[in-house]
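Data file: model37.txt. Format and content: compact mmCIF, C-alpha atoms and all ligand atoms.
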```
# COMPACT_ATOMS: atom_id res chain seq x y z
CA MET A 1 -2.58 19.40 8.90
CA LYS A 2 -5.00 16.53 9.53
CA PRO A 3 -3.71 13.02 8.90
CA LEU A 4 -4.97 11.21 5.81
CA ILE A 5 -4.94 7.87 7.62
CA GLU A 6 -5.65 7.53 11.34
CA VAL A 7 -5.28 4.18 13.06
CA LYS A 8 -6.47 4.20 16.66
CA ASN A 9 -5.84 1.38 19.15
CA VAL A 10 -6.28 -1.36 16.59
CA ARG A 11 -6.21 -4.93 17.82
CA LYS A 12 -6.59 -8.05 15.69
CA ILE A 13 -7.03 -11.48 17.16
CA TYR A 14 -7.32 -14.57 14.98
CA ARG A 15 -9.09 -17.53 16.58
CA MET A 16 -8.26 -21.04 15.51
CA GLY A 17 -10.30 -23.45 17.60
CA ASP A 18 -9.25 -22.78 21.18
CA GLU A 19 -6.09 -20.97 20.16
CA LYS A 20 -5.89 -17.18 20.03
CA VAL A 21 -3.30 -15.42 17.88
CA VAL A 22 -2.76 -11.76 18.68
CA ALA A 23 -1.64 -10.51 15.25
CA LEU A 24 -1.92 -6.82 16.21
CA ASP A 25 -1.91 -5.97 19.90
CA ASN A 26 -2.61 -2.25 20.17
CA VAL A 27 -1.53 -0.17 17.21
CA SER A 28 -2.03 3.56 16.72
CA LEU A 29 -0.51 5.61 13.89
CA GLU A 30 -1.08 8.73 11.83
CA ILE A 31 -0.10 8.96 8.17
CA TYR A 32 -0.17 12.22 6.22
CA LYS A 33 -0.95 12.84 2.56
CA GLY A 34 2.15 12.50 0.41
CA GLU A 35 4.08 10.51 2.99
CA ILE A 36 6.10 7.43 2.15
CA VAL A 37 5.86 5.14 5.16
CA CYS A 38 7.94 2.01 5.59
CA PHE A 39 6.87 -0.72 8.01
CA LEU A 40 9.82 -2.81 9.13
CA GLY A 41 9.41 -6.06 11.05
CA THR A 42 10.38 -9.70 11.07
CA SER A 43 8.16 -12.47 9.71
CA GLY A 44 4.95 -12.79 11.72
CA SER A 45 5.25 -9.34 13.35
CA GLY A 46 1.88 -8.19 11.96
CA LYS A 47 2.86 -6.16 8.87
CA SER A 48 0.43 -7.72 6.41
CA THR A 49 -2.30 -7.79 9.05
CA PHE A 50 -1.84 -4.03 9.47
CA LEU A 51 -2.10 -3.40 5.71
CA ASN A 52 -5.16 -5.64 5.43
CA MET A 53 -6.93 -3.73 8.22
CA VAL A 54 -6.19 -0.32 6.74
CA ALA A 55 -7.26 -1.48 3.27
CA GLY A 56 -10.49 -2.78 4.79
CA LEU A 57 -9.78 -6.33 3.63
CA GLU A 58 -10.34 -7.51 7.20
CA LYS A 59 -12.08 -5.98 10.19
CA PRO A 60 -10.14 -5.20 13.36
CA THR A 61 -11.21 -6.99 16.54
CA ARG A 62 -11.12 -3.61 18.25
CA GLY A 63 -10.14 -0.04 17.38
CA GLU A 64 -10.80 2.50 14.65
CA ILE A 65 -9.37 3.27 11.22
CA TYR A 66 -10.15 6.47 9.32
CA ILE A 67 -9.07 7.38 5.81
CA GLY A 68 -9.87 10.97 4.89
CA GLY A 69 -12.29 10.94 7.83
CA ILE A 70 -14.19 7.86 6.56
CA PRO A 71 -14.51 5.11 9.21
CA ILE A 72 -13.14 2.12 7.30
CA HIS A 73 -13.77 -0.25 10.24
CA LYS A 74 -17.50 0.51 10.08
CA LEU A 75 -18.09 0.18 6.32
CA ASN A 76 -19.92 -2.88 5.05
CA GLU A 77 -18.32 -5.21 2.50
CA GLU A 78 -19.85 -3.48 -0.50
CA LYS A 79 -18.92 0.05 0.59
CA VAL A 80 -15.39 -0.88 1.60
CA THR A 81 -14.83 -2.66 -1.75
CA LEU A 82 -15.97 0.42 -3.65
CA PHE A 83 -13.78 2.63 -1.49
CA ARG A 84 -10.78 0.39 -2.14
CA GLN A 85 -11.36 0.23 -5.89
CA LYS A 86 -11.62 3.99 -6.08
CA ASN A 87 -8.81 5.03 -3.76
CA ILE A 88 -6.23 2.30 -3.27
CA GLY A 89 -3.62 0.62 -5.48
CA PHE A 90 -1.85 -2.60 -4.42
CA ILE A 91 1.60 -3.93 -5.19
CA PHE A 92 2.27 -7.51 -4.05
CA GLN A 93 5.41 -9.57 -3.60
CA ALA A 94 4.15 -12.33 -5.87
CA TYR A 95 2.98 -9.86 -8.56
CA HIS A 96 -0.54 -11.40 -8.71
CA LEU A 97 -0.77 -10.87 -12.45
CA LEU A 98 -3.40 -12.88 -14.30
CA PRO A 99 -1.49 -15.33 -16.54
CA MET A 100 -4.04 -15.40 -19.37
CA LEU A 101 -4.00 -11.61 -19.77
CA THR A 102 -1.45 -9.42 -21.53
CA ALA A 103 0.44 -6.67 -19.71
CA VAL A 104 -2.00 -4.01 -20.98
CA GLU A 105 -4.99 -6.11 -19.91
CA ASN A 106 -3.51 -6.72 -16.45
CA VAL A 107 -2.82 -3.03 -15.94
CA SER A 108 -6.31 -2.00 -17.10
CA LEU A 109 -8.06 -4.43 -14.76
CA PRO A 110 -8.55 -2.09 -11.76
CA LEU A 111 -9.81 0.59 -14.15
CA ILE A 112 -12.70 -1.67 -15.19
CA PHE A 113 -13.89 -1.59 -11.57
CA ARG A 114 -13.58 2.18 -11.59
CA GLY A 115 -15.91 2.32 -14.57
CA VAL A 116 -13.39 3.63 -17.11
CA GLU A 117 -14.41 2.73 -20.68
CA LYS A 118 -12.23 0.42 -22.75
CA LYS A 119 -10.50 2.85 -25.09
CA LYS A 120 -9.54 5.14 -22.23
CA ARG A 121 -8.48 2.15 -20.10
CA ASN A 122 -6.07 0.93 -22.74
CA LYS A 123 -4.65 4.42 -23.18
CA ILE A 124 -4.03 4.82 -19.44
CA ALA A 125 -2.57 1.29 -19.24
CA GLU A 126 -0.19 1.91 -22.12
CA LYS A 127 0.99 5.17 -20.59
CA SER A 128 1.41 3.50 -17.23
CA LEU A 129 3.55 0.77 -18.84
CA ILE A 130 5.71 3.44 -20.50
CA ASP A 131 6.11 5.14 -17.09
CA VAL A 132 7.60 1.94 -15.67
CA GLY A 133 9.94 1.47 -18.64
CA LEU A 134 7.93 -1.24 -20.42
CA LYS A 135 7.23 0.44 -23.74
CA GLY A 136 6.52 -2.23 -26.35
CA TYR A 137 5.74 -4.95 -23.78
CA GLY A 138 1.98 -4.33 -23.73
CA ASN A 139 1.04 -7.51 -25.60
CA ARG A 140 3.24 -9.87 -23.60
CA LYS A 141 1.81 -12.30 -21.10
CA PRO A 142 3.42 -12.65 -17.65
CA THR A 143 5.26 -15.89 -18.57
CA GLN A 144 6.96 -14.00 -21.42
CA MET A 145 8.57 -11.52 -19.01
CA SER A 146 11.30 -11.62 -16.34
CA GLY A 147 10.46 -11.30 -12.63
CA GLY A 148 11.54 -7.66 -12.56
CA GLN A 149 9.43 -6.90 -15.63
CA GLN A 150 6.42 -8.66 -14.12
CA GLN A 151 6.84 -6.62 -10.96
CA ARG A 152 6.93 -3.47 -13.07
CA VAL A 153 3.62 -4.52 -14.66
CA GLY A 154 2.31 -4.93 -11.09
CA ILE A 155 3.50 -1.41 -10.29
CA ALA A 156 1.96 -0.02 -13.48
CA ARG A 157 -1.32 -1.66 -12.46
CA ALA A 158 -1.16 -0.15 -8.95
CA LEU A 159 -0.35 3.31 -10.31
CA ALA A 160 -2.77 3.37 -13.26
CA GLY A 161 -5.45 5.94 -12.68
CA THR A 162 -3.33 7.48 -9.86
CA PRO A 163 -5.10 6.18 -6.73
CA LYS A 164 -4.67 8.35 -3.62
CA ILE A 165 -3.03 5.58 -1.61
CA ILE A 166 -0.70 2.77 -2.58
CA PHE A 167 -0.06 -0.28 -0.42
CA ALA A 168 2.97 -2.38 -1.19
CA ASP A 169 3.51 -5.67 0.64
CA GLU A 170 7.13 -6.83 0.18
CA PRO A 171 7.17 -5.38 -3.35
CA THR A 172 10.81 -6.31 -3.86
CA GLY A 173 10.76 -9.64 -1.99
CA ASN A 174 11.46 -11.68 -5.14
CA LEU A 175 13.97 -9.33 -6.74
CA ASP A 176 17.77 -9.08 -6.65
CA THR A 177 19.51 -6.04 -5.13
CA ALA A 178 19.98 -4.13 -8.40
CA THR A 179 16.38 -4.69 -9.52
CA THR A 180 15.14 -3.80 -6.02
CA LYS A 181 16.84 -0.40 -6.35
CA GLU A 182 15.38 0.15 -9.82
CA VAL A 183 11.89 -0.85 -8.78
CA MET A 184 11.99 1.26 -5.60
CA ALA A 185 13.23 4.34 -7.50
CA LEU A 186 10.39 3.82 -9.95
CA ILE A 187 7.70 3.54 -7.29
CA VAL A 188 9.04 6.51 -5.30
CA ASN A 189 9.36 8.74 -8.40
CA GLN A 190 5.80 8.07 -9.47
CA VAL A 191 4.39 8.50 -5.98
CA ARG A 192 6.24 11.81 -5.43
CA ARG A 193 5.24 13.12 -8.85
CA HIS A 194 1.55 12.65 -8.10
CA ASN A 195 1.74 13.45 -4.36
CA GLN A 196 0.35 10.01 -3.54
CA THR A 197 0.67 8.32 -0.17
CA LEU A 198 2.65 5.08 -0.04
CA ILE A 199 2.75 2.44 2.67
CA ILE A 200 5.30 -0.21 2.08
CA VAL A 201 5.84 -3.23 4.36
CA THR A 202 9.07 -5.17 4.25
CA HIS A 203 11.74 -6.89 6.30
CA ASP A 204 14.43 -5.35 4.04
CA ARG A 205 16.06 -2.50 5.96
CA SER A 206 17.51 -0.91 2.81
CA ILE A 207 13.96 0.03 1.75
CA ALA A 208 13.73 2.35 4.77
CA THR A 209 16.09 4.83 3.07
CA TYR A 210 13.29 5.76 0.64
CA ALA A 211 10.78 6.52 3.40
CA ASP A 212 9.71 9.71 5.19
CA LYS A 213 8.57 7.69 8.16
CA VAL A 214 9.92 4.35 9.34
CA VAL A 215 7.70 2.31 11.62
CA THR A 216 9.19 -0.67 13.42
CA ILE A 217 6.73 -3.38 14.37
CA GLN A 218 7.31 -6.38 16.62
CA ASP A 219 4.86 -8.97 17.95
CA GLY A 220 1.89 -6.84 16.90
CA ASN A 221 3.09 -3.63 18.53
CA ILE A 222 4.75 -0.54 17.13
CA LEU A 223 8.19 -0.26 18.73
CA SER A 224 9.27 3.03 17.18
CA VAL A 225 8.30 5.65 14.62
CA ALA A 226 11.24 7.50 13.07
CA VAL A 227 10.31 10.56 11.06
CA LYS A 228 12.69 12.41 8.74
CA ASP A 229 13.33 16.06 9.66
CA GLY A 230 11.05 18.18 7.49
CA VAL A 231 7.99 16.05 7.95
CA GLU A 232 8.47 15.63 11.68
CA LYS A 233 8.61 19.40 12.11
CA GLU A 234 5.44 19.85 10.13
CA GLN A 235 3.64 17.33 12.28
CA GLU A 236 4.92 18.83 15.53
CA GLU A 237 3.75 22.25 14.42
CA GLY A 238 0.39 20.77 13.47
CA GLU A 239 0.06 19.11 16.84
CA GLN A 240 0.94 22.31 18.67
CA LYS A 241 -1.68 24.16 16.68
CA ASN A 242 -4.24 21.54 17.61
CA GLU A 243 -3.36 21.92 21.25
CA GLN A 244 -3.75 25.70 21.26
N1 LIG B 1 -5.83 -15.82 8.95
C1 LIG B 1 -5.04 -16.04 10.01
N2 LIG B 1 -5.38 -16.93 10.96
C2 LIG B 1 -4.60 -17.15 12.02
N3 LIG B 1 -3.44 -16.51 12.26
C3 LIG B 1 -3.03 -15.60 11.36
C4 LIG B 1 -3.81 -15.32 10.18
N4 LIG B 1 -3.16 -14.38 9.46
C5 LIG B 1 -2.04 -14.08 10.16
N5 LIG B 1 -1.95 -14.81 11.30
C6 LIG B 1 -0.90 -14.74 12.33
O1 LIG B 1 -0.79 -13.39 12.75
C7 LIG B 1 0.59 -13.01 12.94
C8 LIG B 1 0.93 -11.84 12.04
O2 LIG B 1 0.88 -12.25 10.68
P1 LIG B 1 1.24 -11.30 9.44
O3 LIG B 1 0.84 -12.02 8.21
O4 LIG B 1 0.63 -9.98 9.69
O5 LIG B 1 2.82 -11.19 9.57
P2 LIG B 1 3.88 -10.43 8.62
O6 LIG B 1 4.60 -9.43 9.48
O7 LIG B 1 3.21 -9.92 7.41
O8 LIG B 1 4.89 -11.61 8.27
P3 LIG B 1 5.68 -11.94 6.87
O9 LIG B 1 6.88 -11.04 6.86
O10 LIG B 1 6.06 -13.37 7.07
O11 LIG B 1 4.75 -11.72 5.74
C9 LIG B 1 1.39 -14.28 12.67
O12 LIG B 1 1.66 -14.89 13.90
C10 LIG B 1 0.47 -15.12 11.81
O13 LIG B 1 0.71 -16.50 12.02
MG MG B 2 3.33 -10.44 5.35
```

Whole structure given in structure tokens:
Amino acid sequence: MKPLIEVKNVRKIYRMGDEKVVALDNVSLEIYKGEIVCFLGTSGSGKSTFLNMVAGLEKPTRGEIYIGGIPIHKLNEEKVTLFRQKNIGFIFQAYHLLPMLTAVENVSLPLIFRGVEKKKRNKIAEKSLIDVGLKGYGNRKPTQMSGGQQQRVGIARALAGTPKIIFADEPTGNLDTATTKEVMALIVNQVRRHNQTLIIVTHDRSIATYADKVVTIQDGNILSVAVKDGVEKEQEEGEQKNEQ
């Protein structure tokens, strides 16, 4: 099986005047379709930088990133934006909902960029809100909902139109333990149901229990990759086949 996402020797240096910050030193990783991958690392270890590179939001200083064989690091701004709109859903810590829009309008937003017409957009958005347990909340604005409910709108938005890949950056960072569990179960259920690929970055170790693959990152380097049994075997077999 070929990996869906291939990250090869990626380095990211930020320059601020004379100062150089090595945000990612030399990172290589393979992610397979349907995998739930958890990136664990302390603040400043390079988690968000990694997500931004793979999503094509920023260019690596060096190295290569392929998604489904497409060289993300080589695409120009316009192409990478289209690729992202078509294939990737985002869940953020701070929800990033637009305050003037209702829940339905927020959820339909990415579908506008994908060229879905209004009636269909609203239908998908309403279904997506039902999937996250927010039936009847479609007309509420973010300020009229709790933090957990706002995060569920954020999840509905990321999942609407079932993008191939979902990136979640500290999706439960603002939630209490009970809501964290609820929200994680929700994300994982949806992702499994549609065989989507999920990359979640967090410093919360309890999130790792939901993952197929746990990647530990420190000072811009991957320290370890722990793979749960079934998946690891599959990959080993795949690698052996490649070697033959
Ligand atoms: N635009 C930037 N300019 C300069 N330095 C940056 C920039 N973005 C990130 N960095 C630095 O790169 C390193 C990695 O940052 P990153 O945001 O990837 O960390 P993180 O693991 O996501 O941390 P957190 O858990 O706090 O979100 C940090 O030292 C940070 O200060
Ligand atoms: Mg971060």

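For ligand MG 2 (chain B), the neighbouring protein, DNA and RNA residues, which are those within 9 Å when only C-alpha atoms and all ligand atoms are counted, are Ser43, Gly44, Ser45, Gly46, Lys47, Ser48, Thr49, Leu51, Asp169, Glu170, Val201 and Thr202 of chain A.
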
Notebook entry, point to check: Within 12 Å of ligand LIG 1 (chain B), counting only C-alpha atoms and all ligand atoms, which protein or nucleic acid residues do you find, written as a PyMOL selection string?
Noted result: chain A and resi 11-25+39-53+57-59+92-94+168-171+173+200-204+216-222

Item checked: Pairwise distance for CA of Lys141 in chain A and CA of Val107 in chain A, rounded to one decimal in Å -> 11.6 Å

Notebook entry, point to check: At what distance in Å, to one decimal, does CA of Lys164 in chain A lie from CA of Glu117 in chain A?
Noted result: 20.4 Å

Check: Looking at only C-alpha atoms, which of A:Val54, A:Val215, A:Val7, A:Ala125 is the one that sits closest to Glu105 in chain A?
Finding: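 Of all the options, A:Ala125 lies closest to Glu105 in chain A.
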
Check: Can you list, as number ranges by chain, every protein, DNA or RNA residue that comes within 9 Å of Val188 in chain A when you count only C-alpha atoms, leaving out same-chain residues fewer than 6 positions away?
Finding: A: 36, 198, 210-211

Next item on the list: Kindly give the distance, in Å, that separates CA of Thr61 in chain A and CA of Asn9 in chain A, rounded to a single decimal.
Entry: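 Those two atoms sit 10.3 Å apart.
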
Note to self: List as a VMD selection string the protein and nucleic acid residues near range 126-136 of chain A, meaning an atom at most 7 Å away when all atoms listed in the file are counted, but skip any in the same chain fewer than 6 places from it.
What the structure shows: chain A and resid 104 152 to 153 156 160 186
